[in-house]
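Participant: Input: one structure, supplied below.
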Amino acid sequence: MKTKTLITAAAAAFMAAAPAMAELFIPSLTYRSGPYAANGIPTADGYADYLTLLNERDGGIGGEPINMVECETGYNTEKGVECYEALKGQGALVFHPWSTGITYQLIPKATADGIPVHSVGYGRTSAKNGEVFRWVFNYPANYWDGASIAIKHILDEEGGSLEGKKIALVYHNSAFGKEPIRTLEELGAMHGYELVLLPVDHPGQEQKSQWLQIRRERPDYTIMWGWGVMNQVAIQEAVNIRYPMDHFIGIWWSGSENDVKPAGEGADGYKALTFNGMEQDYPIFEDIQKYVVDKGLAAGAGDQIGTVLYMRGLYSALMTTEAIKKAQEIHGTAQVTPAMVRDGYEALDITQETYASLGLPGFGPDIKGSCQNHGGQGLGAVSQWNASEGKFTMVTDYIEANQDVIQPLIEADSMAYAEENGITPGCD
Amino acid sequence: MPDQLLFGMEVFLNGLMAGVLYALVALGFVLIYKASGIFNYAQGVMALFAALTLVGIMEGQVPFSHLINAVFGTEVHHFGWHLPAVVGIVLTIVVMVGLAWAVNHLIMRHLVNQEPIILFMATIGLAYFMEGLGDLMWGADIKKLDVGLPQGINTAIDEVTFNAFGYGFFIDNLDIWATIIAIILVIALMIFSQYTKQGRALRAVADDHQAALSVGISLNFIWVLVWSIAGFVALVAGIMWGAKSGVQFSLSLIALKALPVLMLGGFTSIPGAIVGGLIIGVGEKLFEFAIGPMVGGATENWFAYVLALIFLVFRPQGLFGEKIIERV
């Protein structure tokens with residue numbers, strides 16, 4: 001009885017103390033299990049390790065410790081929504097859904113709840129229009145930027161003309177995979193190339209039909225919008241039909257070590273877009289080793305540091321924490337609310353000096369946000385797989401997407417959304 | 001010869017090859033259903049588990065290393081060996097036999113005479129347990145599987161068809177090997193079931209397990225045997241599919257490819273699984289080739305089921321399945 005009373009008292013004291021605890025609660029919707037776990041683990045590890053580093057080295061952000069809680073979604077939309085519902089009431093400052101499907105579900109919910117959602121290079125492209133999507137951000141680039149960057153790169157390779165060329169798009173037959181079609185069609189009309197569309201049904205383990213068609217039609221370039229097993233199978237099939245790998249370009253979600261390694265040496269030369277650097281000697285690695293790994297605090301098994309997706313997870317955490325810093329600066333308090341974090345996101349201003357000061361010189365493009373611009377400047381680079389060295393290397397500078405084409409598309413799509421949902425665009 | 005006809009012939013041949021791969025997955029389902037009346041939902045996960053185990057053994061990976069390191073504070077990951085594929089396959093078969101024994105003794109033996117839906121539910125539980133076990137044992141990263149099977153275009157076929165038609169057909173070497181291995185596997189299974197004591201016992205159990213029991217056949221032994229064979233078939237399927245995509249957890253989804261094959265070929269017929277696989281493979285590929293471009297493509301997944309449903313309407317028991325007649 002005595003023990004029971006003590007436990008009850010302790011629990012009551014904890015409950016009473018909880019709201020007063022000063023901490024920045026940042027949930028992480030991860031998928032460390034299921035068919036996409038191989039990609040989810042390094043991403044989640046990078047995200048978690050960066051936040052742990054800030055806690056261990058800097059005591060959090062602005063003196064406030066970060067409380068990062070993972071919720072396993074298995075890359076399943078329903079589970080992702082369950083995670084959101086379970087965590088939103090605990091003071092979550094921002095959500096990274098890590099899935100386009102989950103992002104689409106969270107957009108109306110987070111808008112109603114007043115919690116920022118940051119979909120880093122995925123999700124709904126037109127969320128870049130901050131006047132319509134007040135709580136959604138997609139820094140530093142979106143899918144339409146990606147499509148435009150790929151075409152700009154091909155233009156560079158072809159000496160500035162794509163007249164009469166044939167470009168194939170092998171894409172996951174889903175909302176995610178269909179995202180670039182409209183942009184590629186617009187750009188096709190502008191540059192005079194023929195676009196061949198080749199959808200691949202989920203999950204993409206069998207792609208013989210698509211690659212036989214590519215072999216028959218012999219497109220000059222093939223762009224891929226894939227995820228998970230679809231990437232590995234597509235790259236293997238490309239190797240099988242002896243497609244020139246340096247003419248095969250994947251979106252940034254089709255360009256990790258996981259995607260190319262199963263195809264072995266044959267994948268050498270495969271290209272993929274990226275919006276973050278992939279060097280192996282960033283100064284931050286020393287801090288991660290010292291404050292995270294050596295202390296036994298590394299997320300997961302600690303074996304993903306430096307991989308493409310680990311760095312993407314880390315980059316996502318970097319943008320979020322910079323937004324929180326900005327929010328603290330704007331509002332003069334370290335204990336920020338989700339609404340303040342939105343202000344921080346809108347005032348985001350990441351420059352090359354910022355990256356250098358964080359131990360990541362040249363790691364990403366400059367990002368400057370605003371109420372209107374929730375997606376950044378739309379910069380991306382091209383990386384290439386070197387099979388013998390076992391790593392991707394950036395082979396171009398950051399390329400700016402053709403905003404003359406993309407901006408009207410974003411405007412049209414976001415305004416249609418605003419009309420459907422009774423939203424009056426504007427900055428409040 | 002018109003180009004479209006040539007392309008169609010190439011698609012037809014590739015459809016046959018794809019069908020063999022589907023049939024390999026379907027075979028595992030048929031074996032267990034035929035012997036025990038259980039629709040084994042875990043068959044796809046068995047293929048994943050077998051492939052994970054094979055790579056793990058070949059690469060000398062320490063099973064449960066993350067768990068061991070976390071509990072004991074050690075840093076063990078690899079034994080330091082790289083075993084030849086043959087040794088890896090043999091050891092994996094041993095593991096799959098052990099798994100069959102465990103499944104039978106820990107689960108199925110306790111569910112004898114239960115409703116089929118209960119047994120089906122048990123295999124759902126088994127599937128998720130095995131997926132978690134595989135993750136815990138071998139990790140979730142994508143592993144390259146190289147058992148020495150050649151991949152890529154078969155140059156001989158390419159040259160011969162080019163000389164004959166002016167267009168070289170693409171046939172993947174891996175698919176050719178899959179076909180050869182599937183043929184050997186089916187012949188071996190038929191010889192086993194027709195000419196060995198255990199095979200005849202297995203057929204007796206499949207026909208009437210109570211009658212088989214009354215003449216002294218051990219149901220436990222037969223069920224361990226059949227789960228072991230299904231485990232071996234799963235290993236073959238895991239190798240073939242894993243060679244294409246690397247060994248990763250989405251490998252378990254190959255079971256989806258087997259369902260229309262089973263609907264079409266019947267749940268109780270080994271030849272049915274093969275013929276069903278070929279019909280589905282050819283049907284879906286030709287449909288995608290001929291009709292796909294008119295309807296936006298990506299027709300294969302759903303058309304396979306349409307094809308299976310059409311057969312189902314006319315032959316509910318499947319092409320080679322046994323018609324169940326119940327007299328009152």
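Scheme for the structure tokens: letters A, B, ... for chains in order shown; per-chain residue numbers from 1; ligand numbers from 1 in order shown.
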Report as number ranges by chain all protein, DNA and RNA residues lying within 8 Å of Cys71 (chain A), evaluated on only C-alpha atoms, omitting residues in the same chain fewer than 6 positions from it.
Facilitator: A: 27-30, 83
Participant: Which residues of chain A come within 9 Å of chain B, and what is each one's closest atom pair and distance in Å (one decimal), counting only C-alpha atoms, sorted by chain and residue number, as a tab-separated table?
Facilitator:
```
residue	atom	partner	partner_atom	distance
A:Arg32	CA	B:Ala140	CA	8.0
A:Ser33	CA	B:Ala140	CA	7.5
A:Gly34	CA	B:Phe249	CA	6.4
A:Pro35	CA	B:Ser250	CA	4.2
A:Tyr36	CA	B:Ser250	CA	7.1
A:Ala37	CA	B:Ala140	CA	6.1
A:Ala38	CA	B:Asp141	CA	4.7
A:Asn39	CA	B:Asp141	CA	8.0
A:Ile41	CA	B:Ala140	CA	8.2
A:Asn173	CA	B:Ala298	CA	7.2
A:Leu197	CA	B:Gly296	CA	8.1
A:Leu198	CA	B:Gly297	CA	6.8
A:Pro199	CA	B:Ala298	CA	5.4
A:Val200	CA	B:Ala298	CA	5.6
A:Asp201	CA	B:Ala298	CA	5.6
A:His202	CA	B:Asn301	CA	8.5
A:Pro203	CA	B:Ser250	CA	7.7
A:Gln205	CA	B:Ser245	CA	7.1
A:Glu206	CA	B:Ala18	CA	8.3
A:Lys208	CA	B:Asn14	CA	7.5
A:Ser209	CA	B:Lys285	CA	6.4
A:Gln210	CA	B:Ala298	CA	8.9
A:Leu212	CA	B:Phe170	CA	7.6
A:Gln213	CA	B:Phe289	CA	8.4
A:Arg215	CA	B:Phe170	CA	8.6
A:Arg216	CA	B:Phe7	CA	7.9
A:Gly228	CA	B:Ser250	CA	8.2
A:Val229	CA	B:Ser245	CA	6.5
A:Met230	CA	B:Ser245	CA	8.2
A:Asn231	CA	B:Ser245	CA	8.5
A:Gln232	CA	B:Ser245	CA	5.2
A:Val233	CA	B:Ser245	CA	4.9
A:Ala234	CA	B:Ser245	CA	8.6
A:Ile235	CA	B:Ser245	CA	8.9
A:Gln236	CA	B:Lys244	CA	6.6
A:Glu237	CA	B:Gly152	CA	7.9
A:Val239	CA	B:Gly152	CA	7.0
A:Asn240	CA	B:Gly152	CA	3.9
A:Ile241	CA	B:Ile153	CA	6.2
A:Arg242	CA	B:Gly152	CA	8.0
A:Asn258	CA	B:Ile142	CA	6.2
A:Asp259	CA	B:Ile142	CA	8.6
A:Lys261	CA	B:Lys144	CA	6.9
A:Pro262	CA	B:Lys144	CA	4.6
A:Ala263	CA	B:Lys144	CA	7.8
A:Gly264	CA	B:Lys144	CA	8.0
A:Ala301	CA	B:His66	CA	7.0
```
Participant: Output C-alpha atoms for every residue in the selection just made, as an mmCIF file, in the first residue's frame.
Facilitator:
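Contents of the output file part-v9.cif:
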```cif
data_model
loop_
_atom_site.group_PDB
_atom_site.id
_atom_site.type_symbol
_atom_site.label_atom_id
_atom_site.label_comp_id
_atom_site.auth_asym_id
_atom_site.auth_seq_id
_atom_site.Cartn_x
_atom_site.Cartn_y
_atom_site.Cartn_z
ATOM 1 C CA ARG A 32 13.000 1.634 -39.238
ATOM 2 C CA SER A 33 10.941 -1.434 -40.167
ATOM 3 C CA GLY A 34 9.069 -2.673 -43.198
ATOM 4 C CA PRO A 35 9.874 -2.728 -46.914
ATOM 5 C CA TYR A 36 11.476 0.720 -46.927
ATOM 6 C CA ALA A 37 13.499 0.340 -43.729
ATOM 7 C CA ALA A 38 16.815 0.283 -45.577
ATOM 8 C CA ASN A 39 16.201 3.910 -46.555
ATOM 9 C CA ILE A 41 17.146 3.900 -41.027
ATOM 10 C CA ASN A 173 2.884 4.935 -60.418
ATOM 11 C CA LEU A 197 6.140 8.041 -69.873
ATOM 12 C CA LEU A 198 6.773 4.651 -68.296
ATOM 13 C CA PRO A 199 4.858 4.051 -65.062
ATOM 14 C CA VAL A 200 5.961 1.260 -62.732
ATOM 15 C CA ASP A 201 3.426 -0.213 -60.349
ATOM 16 C CA HIS A 202 4.200 -0.455 -56.651
ATOM 17 C CA PRO A 203 6.498 -1.829 -55.366
ATOM 18 C CA GLN A 205 10.032 -5.516 -58.324
ATOM 19 C CA GLU A 206 9.108 -6.451 -61.876
ATOM 20 C CA LYS A 208 10.728 -6.039 -67.572
ATOM 21 C CA SER A 209 8.050 -4.394 -69.739
ATOM 22 C CA GLN A 210 9.315 -0.878 -69.062
ATOM 23 C CA LEU A 212 12.088 -3.668 -72.950
ATOM 24 C CA GLN A 213 10.283 -0.557 -74.121
ATOM 25 C CA ARG A 215 15.465 -0.863 -75.249
ATOM 26 C CA ARG A 216 13.085 -0.593 -78.220
ATOM 27 C CA GLY A 228 12.654 1.697 -52.480
ATOM 28 C CA VAL A 229 13.003 -1.519 -54.422
ATOM 29 C CA MET A 230 11.913 0.195 -57.629
ATOM 30 C CA ASN A 231 15.279 1.985 -57.746
ATOM 31 C CA GLN A 232 17.423 -1.102 -57.357
ATOM 32 C CA VAL A 233 15.454 -3.081 -59.929
ATOM 33 C CA ALA A 234 15.460 -0.199 -62.441
ATOM 34 C CA ILE A 235 19.214 0.279 -62.149
ATOM 35 C CA GLN A 236 19.797 -3.466 -62.520
ATOM 36 C CA GLU A 237 17.509 -3.617 -65.575
ATOM 37 C CA VAL A 239 22.598 -2.470 -66.597
ATOM 38 C CA ASN A 240 21.063 -5.598 -68.136
ATOM 39 C CA ILE A 241 20.001 -3.836 -71.333
ATOM 40 C CA ARG A 242 23.340 -1.965 -71.391
ATOM 41 C CA ASN A 258 21.343 1.405 -51.375
ATOM 42 C CA ASP A 259 20.071 1.980 -54.886
ATOM 43 C CA LYS A 261 25.213 -1.265 -54.765
ATOM 44 C CA PRO A 262 23.087 -4.312 -55.650
ATOM 45 C CA ALA A 263 23.897 -3.752 -59.356
ATOM 46 C CA GLY A 264 27.636 -3.843 -58.633
ATOM 47 C CA ALA A 301 23.725 1.022 -34.941
#
```
Participant: Give me every alpha helix (DSSP H) residue in region 39-245 of chain B, going by DSSP on the backbone, as an MDAnalysis selection string.
Facilitator: chainID B and resid 43:58 65:72 85:106 116:138 155:165 173:195 197:207 209:214 219:245
Participant: Would you kindly return, as a list in words, each protein, DNA or RNA residue with an atom no farther than 10 Å from any atom of Pro116 (chain B), considering only C-alpha atoms and excluding same-chain residues fewer than 5 positions away?
Facilitator: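 Near Pro116 (chain B), the qualifying residues are Ser36, Gly37, Ile38, Phe39, Leu111, Met121 and Ala122 of chain B.
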Participant: Pick the closest to Ala182 (chain B) from B:Met240, B:Ile291, B:Ala206, B:Val261: which is it, counting only C-alpha atoms?
Facilitator: B:Met240
Participant: Do a neighbour search on Val86 (chain B) at 10 Å with only C-alpha atoms, toss out local chain neighbours closer than 2 positions, and write the hits as a list in words.
Facilitator: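 What passes the distance filter is Leu54, Met58, Leu83, Pro84, Gly88, Ile89, Val90, Leu91, Thr92, Val147 and Gly148 of chain B.
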Participant: Please identify all polymer residues within 9 Å of Gly56 (chain B), counting only C-alpha atoms, omitting same-chain residues fewer than 3 positions from it, and present them as a count of residues only.
Facilitator: 12
Participant: Give me every strand (DSSP E) residue in region 53-188 of chain A, going by DSSP on the backbone, as a list in words.
Facilitator: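 In region 53-188 of chain A, DSSP puts these residues in strand (DSSP E): Ile66, Asn67, Met68, Val69, Glu70, Cys71, Glu72, Val117, His118, Val136, Phe137, Lys166, Ile167, Ala168, Leu169, Val170, Tyr171 and His172 of chain A.
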Participant: Only C-alpha atoms, please: the residues just picked out, written as a PDB file, in the first residue's frame.
Facilitator:
```
ATOM      1  CA  ILE A  66      15.808  19.050 -27.412  1.00  0.00           C
ATOM      2  CA  ASN A  67      13.486  16.175 -26.714  1.00  0.00           C
ATOM      3  CA  MET A  68      13.361  14.049 -29.828  1.00  0.00           C
ATOM      4  CA  VAL A  69      10.865  11.200 -29.814  1.00  0.00           C
ATOM      5  CA  GLU A  70      10.666   8.699 -32.650  1.00  0.00           C
ATOM      6  CA  CYS A  71       7.369   7.251 -33.793  1.00  0.00           C
ATOM      7  CA  GLU A  72       7.512   4.274 -36.139  1.00  0.00           C
ATOM      8  CA  VAL A 117       5.123  20.457 -41.387  1.00  0.00           C
ATOM      9  CA  HIS A 118       8.444  20.318 -43.193  1.00  0.00           C
ATOM     10  CA  VAL A 136       3.756  23.649 -44.723  1.00  0.00           C
ATOM     11  CA  PHE A 137       7.353  24.035 -45.911  1.00  0.00           C
ATOM     12  CA  LYS A 166      13.722  11.571 -76.674  1.00  0.00           C
ATOM     13  CA  ILE A 167      13.592  11.535 -72.871  1.00  0.00           C
ATOM     14  CA  ALA A 168      11.928   8.733 -70.937  1.00  0.00           C
ATOM     15  CA  LEU A 169      10.498   9.106 -67.452  1.00  0.00           C
ATOM     16  CA  VAL A 170      10.391   5.859 -65.473  1.00  0.00           C
ATOM     17  CA  TYR A 171       8.220   6.658 -62.498  1.00  0.00           C
ATOM     18  CA  HIS A 172       6.553   5.106 -59.494  1.00  0.00           C
TER      19      HIS A 172
END
```
Participant: Write out, as a Markdown table, each residue of region 32-125 of chain A that has an atom at most 9 Å from region 304-328 of chain A, together with the closest pair of atoms and their distance in Å to one decimal, counting only C-alpha atoms, rows going by chain and rising number.
Facilitator:
```
| residue | atom | partner | partner_atom | distance |
| --- | --- | --- | --- | --- |
| A:Asn39 | CA | A:Leu309 | CA | 7.0 |
| A:Gly40 | CA | A:Leu309 | CA | 8.3 |
| A:Ile41 | CA | A:Tyr310 | CA | 8.2 |
| A:Pro42 | CA | A:Tyr310 | CA | 4.5 |
| A:Thr43 | CA | A:Gly313 | CA | 4.3 |
| A:Ala44 | CA | A:Gly313 | CA | 6.0 |
| A:Asp45 | CA | A:Tyr310 | CA | 6.2 |
| A:Gly46 | CA | A:Leu314 | CA | 4.3 |
| A:Tyr47 | CA | A:Gly313 | CA | 4.3 |
| A:Ala48 | CA | A:Leu314 | CA | 7.6 |
| A:Asp49 | CA | A:Leu314 | CA | 7.3 |
| A:Tyr50 | CA | A:Leu314 | CA | 5.7 |
| A:Leu51 | CA | A:Ala317 | CA | 6.7 |
| A:Ile61 | CA | A:Lys325 | CA | 6.7 |
| A:Gly62 | CA | A:Lys325 | CA | 6.9 |
| A:Leu93 | CA | A:Ile324 | CA | 8.8 |
| A:Val94 | CA | A:Thr320 | CA | 8.0 |
| A:His96 | CA | A:Ser316 | CA | 8.3 |
| A:His118 | CA | A:Thr320 | CA | 8.1 |
| A:Ser119 | CA | A:Ser316 | CA | 8.8 |
| A:Val120 | CA | A:Ser316 | CA | 6.5 |
```
Participant: Go ahead and save the residues from that selection, with C-alpha atoms, as a short mmCIF file (atom, residue, chain, number, x, y, z; two decimals), in the first residue's frame.
Facilitator:
```
data_model
loop_
_atom_site.label_atom_id
_atom_site.label_comp_id
_atom_site.auth_asym_id
_atom_site.auth_seq_id
_atom_site.Cartn_x
_atom_site.Cartn_y
_atom_site.Cartn_z
CA ASN A 39 16.20 3.91 -46.56
CA GLY A 40 14.38 4.94 -43.42
CA ILE A 41 17.15 3.90 -41.03
CA PRO A 42 19.98 6.12 -42.33
CA THR A 43 17.61 9.06 -42.74
CA ALA A 44 16.32 8.71 -39.18
CA ASP A 45 19.85 8.21 -37.85
CA GLY A 46 21.13 11.41 -39.47
CA TYR A 47 18.18 13.37 -38.14
CA ALA A 48 18.56 12.00 -34.62
CA ASP A 49 22.35 12.29 -34.46
CA TYR A 50 22.31 15.97 -35.37
CA LEU A 51 19.80 16.73 -32.62
CA ILE A 61 19.16 25.21 -28.95
CA GLY A 62 19.47 28.56 -27.19
CA LEU A 93 7.08 22.06 -32.62
CA VAL A 94 7.32 20.63 -36.12
CA HIS A 96 8.84 15.80 -40.68
CA HIS A 118 8.44 20.32 -43.19
CA SER A 119 8.64 17.94 -46.14
CA VAL A 120 12.27 18.10 -47.27
#
```
Participant: Within 6 Å of region 232-237 of chain B, counting only C-alpha atoms, which residues show up once you throw out same-chain ones fewer than 4 positions away? Write them as an MDAnalysis selection string, please.
Facilitator: chainID B and resid 24:25 28 46:47 50
Participant: Could you work out how far CA of Val71 (chain B) lies from CA of Asp303 (chain A), giving the answer in Å with one decimal?
Facilitator: 17.5 Å
Participant: Can you work out which one of B:Thr161, B:Gln317, B:Ser228, B:Ser218 has the shortest atom-to-atom distance to Leu264 (chain B), counting only C-alpha atoms?
Facilitator: B:Gln317
Participant: So which residues touch His331 (chain A) within 12 Å, counting only C-alpha atoms, skipping near sequence neighbours fewer than 2 positions away, as a list of chain:residue names?
Facilitator: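 The residues that qualify are A:Ile324, A:Lys325, A:Lys326, A:Ala327, A:Gln328, A:Glu329, A:Thr333, A:Ala334, A:Gln335, A:Val336, A:Thr337, A:Ala339, A:Met340, A:Val341, A:Arg342, A:Asp343, A:Gly344, A:Ala347.
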Participant: Just checking: using only C-alpha atoms, which residue out of A:Ala418, A:Ile410, A:Ile367, A:Leu273 ends up closest to Thr183 (chain A)?
Facilitator: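 Checking each of A:Ala418, A:Ile410, A:Ile367, A:Leu273 against Thr183 (chain A), counting only C-alpha atoms, the winner is A:Ile410.
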Participant: For the atom pair CA of Ile26 (chain A) and CA of Gly91 (chain A), what is the interatomic distance in Å to one decimal place?
Facilitator: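 Computed distance, CA of Ile26 (chain A) to CA of Gly91 (chain A), equals 8.4 Å.
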Participant: Counting only C-alpha atoms, figure out which residue out of B:Val94, B:Ala304, B:Ile181, B:Leu5 gets nearest to Leu256 (chain B).
Facilitator: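 Closest candidate: B:Ala304.
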